[in-house]
file my_file.pdb (PDB, C-alpha atoms and all ligand atoms)
MODEL        1
ATOM      1  CA  MET A   1     -15.694 -10.376  -3.905  1.00  0.00           C
ATOM      2  CA  ASP A   2     -18.752  -8.264  -3.103  1.00  0.00           C
ATOM      3  CA  LYS A   3     -18.386  -5.239  -5.357  1.00  0.00           C
ATOM      4  CA  SER A   4     -20.550  -3.053  -3.160  1.00  0.00           C
ATOM      5  CA  SER A   5     -17.914  -3.318  -0.445  1.00  0.00           C
ATOM      6  CA  ILE A   6     -14.295  -3.935  -1.370  1.00  0.00           C
ATOM      7  CA  GLU A   7     -11.817  -4.485   1.441  1.00  0.00           C
ATOM      8  CA  VAL A   8      -8.596  -2.625   0.681  1.00  0.00           C
ATOM      9  CA  GLY A   9      -5.702  -3.458   3.008  1.00  0.00           C
ATOM     10  CA  VAL A  10      -3.425  -0.442   3.341  1.00  0.00           C
ATOM     11  CA  LEU A  11       0.268  -1.032   4.066  1.00  0.00           C
ATOM     12  CA  VAL A  12       2.050   2.042   5.397  1.00  0.00           C
ATOM     13  CA  GLY A  13       5.816   1.924   4.945  1.00  0.00           C
ATOM     14  CA  SER A  14       6.660   4.198   7.888  1.00  0.00           C
ATOM     15  CA  LEU A  15       6.391   3.252  11.559  1.00  0.00           C
ATOM     16  CA  ARG A  16       6.573   6.718  13.095  1.00  0.00           C
ATOM     17  CA  LYS A  17       3.437   8.114  14.727  1.00  0.00           C
ATOM     18  CA  ALA A  18       3.271  11.404  12.810  1.00  0.00           C
ATOM     19  CA  SER A  19       4.199   9.776   9.507  1.00  0.00           C
ATOM     20  CA  PHE A  20       3.094  11.626   6.378  1.00  0.00           C
ATOM     21  CA  SER A  21       2.481   8.224   4.789  1.00  0.00           C
ATOM     22  CA  ARG A  22       0.074   7.312   7.586  1.00  0.00           C
ATOM     23  CA  ARG A  23      -1.612  10.702   7.316  1.00  0.00           C
ATOM     24  CA  MET A  24      -2.036  10.020   3.604  1.00  0.00           C
ATOM     25  CA  ALA A  25      -3.804   6.759   4.497  1.00  0.00           C
ATOM     26  CA  MET A  26      -6.178   8.752   6.705  1.00  0.00           C
ATOM     27  CA  ALA A  27      -6.764  11.405   4.037  1.00  0.00           C
ATOM     28  CA  LEU A  28      -7.710   8.799   1.438  1.00  0.00           C
ATOM     29  CA  HIS A  29     -10.746   7.786   3.499  1.00  0.00           C
ATOM     30  CA  HIS A  30     -12.319  11.053   2.299  1.00  0.00           C
ATOM     31  CA  LEU A  31     -11.028  10.855  -1.271  1.00  0.00           C
ATOM     32  CA  ALA A  32     -11.651   7.229  -2.268  1.00  0.00           C
ATOM     33  CA  PRO A  33     -14.954   5.922  -3.660  1.00  0.00           C
ATOM     34  CA  PRO A  34     -16.993   4.968  -0.573  1.00  0.00           C
ATOM     35  CA  HIS A  35     -17.313   1.277  -1.481  1.00  0.00           C
ATOM     36  CA  LEU A  36     -13.514   0.956  -1.151  1.00  0.00           C
ATOM     37  CA  ARG A  37     -13.189   0.174   2.556  1.00  0.00           C
ATOM     38  CA  LEU A  38      -9.652   1.167   3.524  1.00  0.00           C
ATOM     39  CA  SER A  39      -8.069  -0.264   6.655  1.00  0.00           C
ATOM     40  CA  VAL A  40      -4.425  -0.216   7.662  1.00  0.00           C
ATOM     41  CA  ILE A  41      -2.721  -3.585   8.075  1.00  0.00           C
ATOM     42  CA  GLU A  42       0.004  -2.963  10.640  1.00  0.00           C
ATOM     43  CA  ILE A  43       3.554  -4.123   9.870  1.00  0.00           C
ATOM     44  CA  GLY A  44       5.536  -2.743  12.815  1.00  0.00           C
ATOM     45  CA  ALA A  45       5.284  -5.587  15.340  1.00  0.00           C
ATOM     46  CA  MET A  46       6.562  -8.418  13.175  1.00  0.00           C
ATOM     47  CA  PRO A  47       9.894 -10.058  14.007  1.00  0.00           C
ATOM     48  CA  LEU A  48      12.443  -9.938  11.207  1.00  0.00           C
ATOM     49  CA  TYR A  49      11.906 -12.756   8.754  1.00  0.00           C
ATOM     50  CA  ASN A  50      14.005 -15.798   9.567  1.00  0.00           C
ATOM     51  CA  GLN A  51      13.300 -18.990   7.662  1.00  0.00           C
ATOM     52  CA  ASP A  52      14.377 -21.046  10.695  1.00  0.00           C
ATOM     53  CA  ASP A  53      11.286 -19.780  12.540  1.00  0.00           C
ATOM     54  CA  GLU A  54       8.760 -21.165  10.029  1.00  0.00           C
ATOM     55  CA  ALA A  55       8.443 -24.440  11.973  1.00  0.00           C
ATOM     56  CA  ALA A  56       6.733 -22.468  14.756  1.00  0.00           C
ATOM     57  CA  ALA A  57       5.823 -19.246  12.982  1.00  0.00           C
ATOM     58  CA  PRO A  58       5.504 -16.194  15.257  1.00  0.00           C
ATOM     59  CA  ALA A  59       1.879 -15.217  15.932  1.00  0.00           C
ATOM     60  CA  ALA A  60       2.505 -11.774  14.434  1.00  0.00           C
ATOM     61  CA  TRP A  61       3.493 -13.380  11.105  1.00  0.00           C
ATOM     62  CA  THR A  62       0.415 -15.588  11.053  1.00  0.00           C
ATOM     63  CA  ALA A  63      -1.935 -12.699  11.910  1.00  0.00           C
ATOM     64  CA  PHE A  64      -0.372 -10.557   9.190  1.00  0.00           C
ATOM     65  CA  ARG A  65      -0.657 -13.310   6.591  1.00  0.00           C
ATOM     66  CA  ASP A  66      -4.330 -13.821   7.500  1.00  0.00           C
ATOM     67  CA  GLU A  67      -5.050 -10.104   7.166  1.00  0.00           C
ATOM     68  CA  ILE A  68      -3.474  -9.958   3.710  1.00  0.00           C
ATOM     69  CA  LYS A  69      -5.389 -13.066   2.647  1.00  0.00           C
ATOM     70  CA  GLY A  70      -8.637 -11.401   3.768  1.00  0.00           C
ATOM     71  CA  ALA A  71      -8.080  -8.256   1.704  1.00  0.00           C
ATOM     72  CA  ASP A  72      -9.627  -7.951  -1.762  1.00  0.00           C
ATOM     73  CA  ALA A  73      -6.962  -5.444  -2.826  1.00  0.00           C
ATOM     74  CA  LEU A  74      -3.864  -3.767  -1.409  1.00  0.00           C
ATOM     75  CA  LEU A  75      -2.727  -0.158  -1.322  1.00  0.00           C
ATOM     76  CA  PHE A  76       0.928   0.508  -0.494  1.00  0.00           C
ATOM     77  CA  ILE A  77       1.750   3.996   0.809  1.00  0.00           C
ATOM     78  CA  THR A  78       5.448   4.414   1.406  1.00  0.00           C
ATOM     79  CA  PRO A  79       8.217   6.898   2.008  1.00  0.00           C
ATOM     80  CA  GLU A  80      11.683   6.417   0.567  1.00  0.00           C
ATOM     81  CA  TYR A  81      14.601   5.380   2.736  1.00  0.00           C
ATOM     82  CA  ASN A  82      17.950   5.799   0.967  1.00  0.00           C
ATOM     83  CA  ARG A  83      16.378   5.470  -2.469  1.00  0.00           C
ATOM     84  CA  SER A  84      14.535   2.276  -1.571  1.00  0.00           C
ATOM     85  CA  ILE A  85      11.676   1.126   0.652  1.00  0.00           C
ATOM     86  CA  PRO A  86      11.903   1.105   4.464  1.00  0.00           C
ATOM     87  CA  SER A  87      13.103  -2.190   5.904  1.00  0.00           C
ATOM     88  CA  ALA A  88       9.844  -2.694   7.835  1.00  0.00           C
ATOM     89  CA  LEU A  89       7.936  -2.812   4.574  1.00  0.00           C
ATOM     90  CA  LYS A  90      10.442  -5.163   2.953  1.00  0.00           C
ATOM     91  CA  ASN A  91      10.186  -7.415   6.000  1.00  0.00           C
ATOM     92  CA  ALA A  92       6.395  -7.490   5.654  1.00  0.00           C
ATOM     93  CA  ILE A  93       6.715  -8.410   1.986  1.00  0.00           C
ATOM     94  CA  ASP A  94       9.146 -11.212   2.832  1.00  0.00           C
ATOM     95  CA  VAL A  95       6.956 -12.557   5.652  1.00  0.00           C
ATOM     96  CA  GLY A  96       3.907 -12.629   3.366  1.00  0.00           C
ATOM     97  CA  SER A  97       5.813 -14.375   0.604  1.00  0.00           C
ATOM     98  CA  ARG A  98       6.611 -17.550   2.579  1.00  0.00           C
ATOM     99  CA  PRO A  99       6.405 -20.492   3.197  1.00  0.00           C
ATOM    100  CA  LYS A 100       7.304 -21.239  -0.421  1.00  0.00           C
ATOM    101  CA  GLY A 101       4.162 -21.974  -2.417  1.00  0.00           C
ATOM    102  CA  SER A 102       1.872 -20.267   0.131  1.00  0.00           C
ATOM    103  CA  SER A 103       2.501 -16.599  -0.634  1.00  0.00           C
ATOM    104  CA  VAL A 104      -0.420 -14.448   0.455  1.00  0.00           C
ATOM    105  CA  TRP A 105       0.399 -11.851  -2.209  1.00  0.00           C
ATOM    106  CA  ASN A 106      -0.327 -14.038  -5.204  1.00  0.00           C
ATOM    107  CA  GLY A 107      -2.820 -12.468  -7.638  1.00  0.00           C
ATOM    108  CA  LYS A 108      -3.857  -9.527  -5.446  1.00  0.00           C
ATOM    109  CA  PRO A 109      -4.659  -6.269  -7.250  1.00  0.00           C
ATOM    110  CA  ALA A 110      -2.646  -3.394  -5.794  1.00  0.00           C
ATOM    111  CA  ALA A 111      -1.565   0.215  -6.175  1.00  0.00           C
ATOM    112  CA  VAL A 112       1.432   2.201  -4.941  1.00  0.00           C
ATOM    113  CA  ILE A 113       1.620   5.752  -3.630  1.00  0.00           C
ATOM    114  CA  SER A 114       5.059   7.037  -2.662  1.00  0.00           C
ATOM    115  CA  LEU A 115       5.615  10.321  -0.908  1.00  0.00           C
ATOM    116  CA  SER A 116       8.362  12.511   0.442  1.00  0.00           C
ATOM    117  CA  PRO A 117       8.877  16.040   1.757  1.00  0.00           C
ATOM    118  CA  GLY A 118      11.329  16.371  -1.147  1.00  0.00           C
ATOM    119  CA  VAL A 119      10.495  17.073  -4.762  1.00  0.00           C
ATOM    120  CA  ILE A 120      11.090  13.640  -6.319  1.00  0.00           C
ATOM    121  CA  GLY A 121       8.167  12.059  -4.466  1.00  0.00           C
ATOM    122  CA  ALA A 122      10.056   8.920  -3.438  1.00  0.00           C
ATOM    123  CA  PHE A 123      10.319   7.702  -7.025  1.00  0.00           C
ATOM    124  CA  GLY A 124      13.101   5.269  -6.084  1.00  0.00           C
ATOM    125  CA  ALA A 125      11.036   3.613  -3.359  1.00  0.00           C
ATOM    126  CA  ASN A 126       8.020   3.388  -5.645  1.00  0.00           C
ATOM    127  CA  HIS A 127       9.967   1.479  -8.286  1.00  0.00           C
ATOM    128  CA  HIS A 128      11.881  -0.776  -5.882  1.00  0.00           C
ATOM    129  CA  LEU A 129       8.511  -1.718  -4.387  1.00  0.00           C
ATOM    130  CA  ARG A 130       7.040  -2.447  -7.820  1.00  0.00           C
ATOM    131  CA  GLN A 131      10.021  -4.704  -8.558  1.00  0.00           C
ATOM    132  CA  CYS A 132       9.356  -6.784  -5.420  1.00  0.00           C
ATOM    133  CA  LEU A 133       5.639  -6.999  -6.139  1.00  0.00           C
ATOM    134  CA  MET A 134       6.183  -8.137  -9.716  1.00  0.00           C
ATOM    135  CA  CYS A 135       7.934 -11.356  -8.754  1.00  0.00           C
ATOM    136  CA  LEU A 136       5.174 -12.080  -6.226  1.00  0.00           C
ATOM    137  CA  ASN A 137       2.503 -11.890  -8.960  1.00  0.00           C
ATOM    138  CA  VAL A 138       0.860  -8.843  -7.422  1.00  0.00           C
ATOM    139  CA  ALA A 139      -1.145  -7.051 -10.108  1.00  0.00           C
ATOM    140  CA  THR A 140       0.152  -3.536  -9.471  1.00  0.00           C
ATOM    141  CA  MET A 141      -1.714  -0.753 -11.292  1.00  0.00           C
ATOM    142  CA  PRO A 142       0.767   0.635 -13.842  1.00  0.00           C
ATOM    143  CA  ALA A 143      -0.835   4.072 -14.239  1.00  0.00           C
ATOM    144  CA  PRO A 144      -1.529   6.633 -13.020  1.00  0.00           C
ATOM    145  CA  GLU A 145       1.711   6.696 -11.075  1.00  0.00           C
ATOM    146  CA  ALA A 146       1.717   8.524  -7.739  1.00  0.00           C
ATOM    147  CA  TYR A 147       4.939  10.254  -6.692  1.00  0.00           C
ATOM    148  CA  ILE A 148       3.820  12.817  -4.137  1.00  0.00           C
ATOM    149  CA  GLY A 149       6.350  15.529  -3.245  1.00  0.00           C
ATOM    150  CA  GLY A 150       6.050  18.266  -0.608  1.00  0.00           C
ATOM    151  CA  ALA A 151       4.454  15.832   1.846  1.00  0.00           C
ATOM    152  CA  ASP A 152       5.269  18.116   4.785  1.00  0.00           C
ATOM    153  CA  LYS A 153       2.961  20.809   3.378  1.00  0.00           C
ATOM    154  CA  LEU A 154       0.092  18.580   2.325  1.00  0.00           C
ATOM    155  CA  PHE A 155      -2.105  18.025   5.371  1.00  0.00           C
ATOM    156  CA  ASP A 156      -4.140  20.060   7.825  1.00  0.00           C
ATOM    157  CA  ALA A 157      -4.626  19.127  11.489  1.00  0.00           C
ATOM    158  CA  ALA A 158      -7.473  16.774  10.548  1.00  0.00           C
ATOM    159  CA  ASP A 159      -5.268  14.969   8.006  1.00  0.00           C
ATOM    160  CA  ASP A 160      -7.140  16.321   5.026  1.00  0.00           C
ATOM    161  CA  VAL A 161      -5.139  17.215   1.918  1.00  0.00           C
ATOM    162  CA  VAL A 162      -5.051  21.010   1.625  1.00  0.00           C
ATOM    163  CA  VAL A 163      -3.373  21.334  -1.794  1.00  0.00           C
ATOM    164  CA  PRO A 164      -6.272  21.346  -4.289  1.00  0.00           C
ATOM    165  CA  ALA A 165      -4.293  19.914  -7.246  1.00  0.00           C
ATOM    166  CA  THR A 166      -2.986  17.039  -5.111  1.00  0.00           C
ATOM    167  CA  ARG A 167      -6.433  16.389  -3.652  1.00  0.00           C
ATOM    168  CA  ASP A 168      -7.905  16.183  -7.178  1.00  0.00           C
ATOM    169  CA  PHE A 169      -5.087  13.929  -8.331  1.00  0.00           C
ATOM    170  CA  LEU A 170      -5.537  11.559  -5.383  1.00  0.00           C
ATOM    171  CA  SER A 171      -9.260  11.419  -5.940  1.00  0.00           C
ATOM    172  CA  GLN A 172      -8.691  10.492  -9.614  1.00  0.00           C
ATOM    173  CA  PHE A 173      -6.002   8.012  -8.597  1.00  0.00           C
ATOM    174  CA  MET A 174      -8.415   6.191  -6.270  1.00  0.00           C
ATOM    175  CA  GLN A 175     -11.091   6.110  -8.986  1.00  0.00           C
ATOM    176  CA  ALA A 176      -8.549   4.566 -11.347  1.00  0.00           C
ATOM    177  CA  PHE A 177      -7.602   2.051  -8.647  1.00  0.00           C
ATOM    178  CA  ASP A 178     -11.288   1.164  -8.265  1.00  0.00           C
ATOM    179  CA  ARG A 179     -11.507   0.467 -12.020  1.00  0.00           C
ATOM    180  CA  TRP A 180      -8.246  -1.521 -11.822  1.00  0.00           C
ATOM    181  CA  ILE A 181      -9.596  -3.692  -8.991  1.00  0.00           C
ATOM    182  CA  ASP A 182     -12.738  -4.200 -11.065  1.00  0.00           C
ATOM    183  CA  ARG A 183     -10.713  -5.987 -13.754  1.00  0.00           C
ATOM    184  CA  PHE A 184      -9.865  -8.711 -11.278  1.00  0.00           C
ATOM    185  CA  VAL A 185     -13.431  -9.371 -10.180  1.00  0.00           C
ATOM    186  CA  PRO A 186     -14.814 -12.238 -12.269  1.00  0.00           C
ATOM    187  CA  ALA A 187     -18.395 -12.421 -13.500  1.00  0.00           C
ATOM    188  CA  VAL A 188     -20.050 -10.072 -11.038  1.00  0.00           C
ATOM    189  CA  PRO A 189     -22.626  -7.573 -12.400  1.00  0.00           C
ATOM    190  CA  SER A 190     -21.306  -4.026 -12.737  1.00  0.00           C
ATOM    191  CA  ARG A 191     -22.228  -1.401 -10.213  1.00  0.00           C
TER     192      ARG A 191
HETATM  193  C1  LIG A 201      14.813   9.429   4.686  1.00  0.00           C
HETATM  194  N1  LIG A 201      14.239  10.376   3.840  1.00  0.00           N
HETATM  195  C2  LIG A 201      14.396  10.288   2.482  1.00  0.00           C
HETATM  196  N2  LIG A 201      13.622  11.061   1.611  1.00  0.00           N
HETATM  197  C3  LIG A 201      13.754  10.901   0.276  1.00  0.00           C
HETATM  198  O1  LIG A 201      13.048  11.577  -0.480  1.00  0.00           O
HETATM  199  N3  LIG A 201      14.643  10.015  -0.253  1.00  0.00           N
HETATM  200  C4  LIG A 201      15.436   9.231   0.531  1.00  0.00           C
HETATM  201  O2  LIG A 201      16.182   8.420   0.014  1.00  0.00           O
HETATM  202  C5  LIG A 201      15.318   9.363   1.954  1.00  0.00           C
HETATM  203  N4  LIG A 201      16.053   8.565   2.797  1.00  0.00           N
HETATM  204  C6  LIG A 201      15.729   8.513   4.125  1.00  0.00           C
HETATM  205  C7  LIG A 201      16.320   7.536   4.958  1.00  0.00           C
HETATM  206  C8  LIG A 201      15.922   7.440   6.278  1.00  0.00           C
HETATM  207  C9  LIG A 201      16.529   6.341   7.145  1.00  0.00           C
HETATM  208  C10 LIG A 201      14.988   8.344   6.826  1.00  0.00           C
HETATM  209  C11 LIG A 201      14.556   8.232   8.277  1.00  0.00           C
HETATM  210  C12 LIG A 201      14.443   9.315   6.038  1.00  0.00           C
HETATM  211  C13 LIG A 201      13.369  11.418   4.400  1.00  0.00           C
HETATM  212  C14 LIG A 201      11.922  10.937   4.422  1.00  0.00           C
HETATM  213  O3  LIG A 201      11.335  11.167   3.157  1.00  0.00           O
HETATM  214  C15 LIG A 201      11.126  11.688   5.496  1.00  0.00           C
HETATM  215  O4  LIG A 201      11.716  11.462   6.756  1.00  0.00           O
HETATM  216  C16 LIG A 201       9.674  11.277   5.496  1.00  0.00           C
HETATM  217  O5  LIG A 201       8.949  12.146   6.319  1.00  0.00           O
HETATM  218  C17 LIG A 201       9.499   9.837   5.960  1.00  0.00           C
HETATM  219  O6  LIG A 201       8.179   9.402   5.732  1.00  0.00           O
HETATM  220  P1  LIG A 201       7.074   9.434   6.879  1.00  0.00           P
HETATM  221  O7  LIG A 201       7.660   8.812   8.120  1.00  0.00           O
HETATM  222  O8  LIG A 201       6.722  10.888   7.112  1.00  0.00           O
HETATM  223  O9  LIG A 201       5.913   8.662   6.308  1.00  0.00           O
ENDMDL
END

call {"tool": "encode", "arguments": {"input": "my_file.pdb", "output": "structure tokens"}}
result
Amino acid sequence: MDKSSIEVGVLVGSLRKASFSRRMAMALHHLAPPHLRLSVIEIGAMPLYNQDDEAAAPAAWTAFRDEIKGADALLFITPEYNRSIPSALKNAIDVGSRPKGSSVWNGKPAAVISLSPGVIGAFGANHHLRQCLMCLNVATMPAPEAYIGGADKLFDAADDVVVPATRDFLSQFMQAFDRWIDRFVPAVPSR
């Protein structure tokens, strides 16, 4: 990994165009350390995982797996659906985890941001996601935790975060994520 430019694949749990989770991904471009290069890895076009299809894996699965493999680190930004993660995100996790023995998640450093218009900040989704990532040997940053409430009042028209305390928190969160990623980079001189 070249520490002057770290490729962070961003997985957005919502598929809707005006998604607050997607707007958060946009906002983080301005709040993350500049050497963290954030790009969204799309999950919406993948067929539902069906083990029968592995013999001739759909192109969308293969492209997704290649994109995850190419990322140095992963940032999950997700809403909560019925106290868990949206099915599109679970499908992406399942697709990446197979074929058995070839999981593309293995050993990747990661972080989770959950958000909701409500006050609990999608806590349930955040922890269900962490549970899935644990068994896939994803090194998910334990702290700081990011449960972002009031997501409907967070962004301006340019997708910048307008709540100063949240902006400061997200900036600190991304600095912590940078240090977390650093722990998984072997024997490269410090910046
Ligand atoms: C929701 N929403 C929701 N919110 C929450 O805080 N806890 C929940 O369990 C749920 N459950 C839920 C289920 C389904 C099917 C939908 C469509 C929505 C509301 C959700 O937080 C809200 O719609 C967000 O705006 C969705 O995130 P995006 O699309 O803005 O990123």

call {"tool": "closest_residue", "arguments": {"input": "my_file.pdb", "among": "A:Val161, A:Ala176, A:Cys132, A:Val95", "to": "Asp66 of chain A", "atoms": "all atoms listed in the file"}}
result
A:Val95

call {"tool": "resolve_selection", "arguments": {"input": "my_file.pdb", "expression": "the PyMOL selection byres (((not hetatm)) within 7 of (chain A and resi 201))", "output": "PyMOL selection string"}}
result
chain A and resi 13-16+18-22+78-84+116-118+120-122

call {"tool": "residues_near_point", "arguments": {"input": "my_file.pdb", "point": "(5.3, -12.6, 5.9)", "cutoff": "10 Å", "atoms": "all atoms listed in the file", "output": "number ranges by chain"}}
result
A: 43, 46-50, 57, 60-66, 68, 90-99, 103-105

call {"tool": "closest_residue", "arguments": {"input": "my_file.pdb", "among": "A:Gly101, A:Met174, A:Asn126, A:Phe184", "to": "His35 of chain A", "atoms": "only C-alpha atoms"}}
result
A:Met174

call {"tool": "residues_around", "arguments": {"input": "my_file.pdb", "residues": "Val163 of chain A", "least_positions_apart": "4", "cutoff": "9 Å", "atoms": "all atoms listed in the file", "output": "list in words"}}
result
Lys153, Leu154, Phe155, Arg167 and Asp168 of chain A

call {"tool": "closest_residue", "arguments": {"input": "my_file.pdb", "among": "A:Leu11, A:Ile85, A:Ala55, A:Ala27", "to": "Thr166 of chain A", "atoms": "only C-alpha atoms"}}
result
A:Ala27

call {"tool": "atom_distance", "arguments": {"input": "my_file.pdb", "atom1": "atom CA of Ala111 of chain A", "atom2": "atom CA of Val162 of chain A"}}
result
22.5 Å

call {"tool": "closest_residue", "arguments": {"input": "my_file.pdb", "among": "A:Met134, A:Val40, A:Ala146, A:Leu129", "to": "Ser171 of chain A", "atoms": "only C-alpha atoms"}}
result
A:Ala146

call {"tool": "atom_distance", "arguments": {"input": "my_file.pdb", "atom1": "atom CA of Thr140 of chain A", "atom2": "atom CA of Leu170 of chain A"}}
result
16.6 Å

call {"tool": "residues_near_point", "arguments": {"input": "my_file.pdb", "point": "(-8.6, -6.3, 0.6)", "cutoff": "7 Å", "atoms": "all atoms listed in the file", "output": "PDB file with C-alpha atoms, in the frame of the given file"}}
result
ATOM      1  CA  ILE A   6     -14.295  -3.935  -1.370  1.00  0.00           C
ATOM      2  CA  GLU A   7     -11.817  -4.485   1.441  1.00  0.00           C
ATOM      3  CA  VAL A   8      -8.596  -2.625   0.681  1.00  0.00           C
ATOM      4  CA  GLY A   9      -5.702  -3.458   3.008  1.00  0.00           C
ATOM      5  CA  GLY A  70      -8.637 -11.401   3.768  1.00  0.00           C
ATOM      6  CA  ALA A  71      -8.080  -8.256   1.704  1.00  0.00           C
ATOM      7  CA  ASP A  72      -9.627  -7.951  -1.762  1.00  0.00           C
ATOM      8  CA  ALA A  73      -6.962  -5.444  -2.826  1.00  0.00           C
ATOM      9  CA  LEU A  74      -3.864  -3.767  -1.409  1.00  0.00           C
TER      10      LEU A  74
END
